[in-house]
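Asks: The structure follows.
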Amino acid sequence: HIRQVLINLLENAIKYTPEGGTIQVSILHRTTQKVQVTICDDGLGIPEEKQRFIFQDSFRLERDEHKEGYGIGLALCQRILRSHYGQIWVESTPNEGSSFHFTLPVYRH
């Protein structure tokens, strides 16, 4: 399921990053108990007043209403991560890009 989260976030980054733009992926240990994955793009960004809604089912930005899709990708990511005791959030600036971050617990056997 975590693979699906990565695919959804990467597909969104590709979709919203202009040709010649940049997408960066980083994975790092935040603490001994958490790993953080970050996917950043330099695309359109998300208006600040809309950022708190993007993880809701069927929420779409006005600019995307005519595009393919159902607006469930980010909501699905959030459900998957919560089921694995993780979190997801976004930092975004319109016309500068977005950074989607998620954390997962580190399991040691």
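Just so we're on the same page: first chain in the structure tokens is A, next is B, and so on; residues restart at 1 for each chain, and ligands are numbered from 1 in the order they show up.
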Show me, as a PDB file with C-alpha atoms, in the first residue's frame, the residues that have an atom within 9 Å of A:Leu74 when counting only C-alpha atoms, minus same-chain residues fewer than 4 positions from it.
Replies:
ATOM      1  CA  VAL A   5       1.080   6.311  -1.823  1.00  0.00           C
ATOM      2  CA  ASN A   8       0.017   8.791  -6.280  1.00  0.00           C
ATOM      3  CA  LEU A   9       2.311  11.518  -4.973  1.00  0.00           C
ATOM      4  CA  ILE A  54      -6.954  18.475  -0.264  1.00  0.00           C
ATOM      5  CA  PHE A  55      -6.965  15.242   1.761  1.00  0.00           C
ATOM      6  CA  GLN A  56     -10.784  15.050   1.761  1.00  0.00           C
ATOM      7  CA  ASP A  57     -12.647  12.624  -0.520  1.00  0.00           C
ATOM      8  CA  GLN A  78      -4.039   9.663   3.968  1.00  0.00           C
ATOM      9  CA  ARG A  79      -6.151   6.562   4.752  1.00  0.00           C
TER      10      ARG A  79
END
Asks: Using DSSP on the backbone coordinates, identify all residues within chain A classified as strand (DSSP E); present the result as an MDAnalysis selection string.
Replies: chainID A and resid 23:29 34:41 87:93 97:105
Asks: Write out as a list in words which residues come within 8 Å of A:Pro94 when counting only C-alpha atoms, dropping same-chain ones fewer than 3 positions away.
Replies: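 Residues meeting the cut-off are Leu44, Gly45, Ile46, Pro47, Glu48 and Gly97 of chain A.
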Asks: For the selection just defined, write its residues with C-alpha atoms to a file, as an mmCIF file, in the first residue's frame.
Replies:
data_model
loop_
_atom_site.group_PDB
_atom_site.id
_atom_site.type_symbol
_atom_site.label_atom_id
_atom_site.label_comp_id
_atom_site.auth_asym_id
_atom_site.auth_seq_id
_atom_site.Cartn_x
_atom_site.Cartn_y
_atom_site.Cartn_z
ATOM 1 C CA LEU A 44 1.624 25.308 -9.728
ATOM 2 C CA GLY A 45 1.357 24.999 -5.966
ATOM 3 C CA ILE A 46 -1.846 24.907 -3.925
ATOM 4 C CA PRO A 47 -3.573 28.035 -2.604
ATOM 5 C CA GLU A 48 -3.092 28.304 1.159
ATOM 6 C CA GLY A 97 5.480 24.353 -5.951
#
Asks: Taking only C-alpha atoms into account, which of A:Gln24, A:Leu6, A:His29, A:Phe53 comes nearest A:Asp41?
Replies: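 For A:Asp41, the nearest of the given residues is A:Gln24.
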Asks: Calculated over only C-alpha atoms, which of the candidates A:Leu81, A:Val35, A:Ile88, A:Ile23 has the smallest distance to A:Pro105?
Replies: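 Between A:Leu81, A:Val35, A:Ile88, A:Ile23, the residue approaching A:Pro105 most closely is A:Val35.
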Asks: May I have the residues within 9 Å of A:Asn12 as a list in words, using only C-alpha atoms and disregarding those fewer than 5 positions away in the same chain?
Replies: Ile7, Thr17 and Gly73 of chain A
Asks: Looking at A:Cys40, A:Gln33, A:Lys50, A:Cys77, which one is nearest to A:Leu104, with distances taken over only C-alpha atoms?
Replies: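 That would be A:Gln33, the residue with the smallest distance to A:Leu104.
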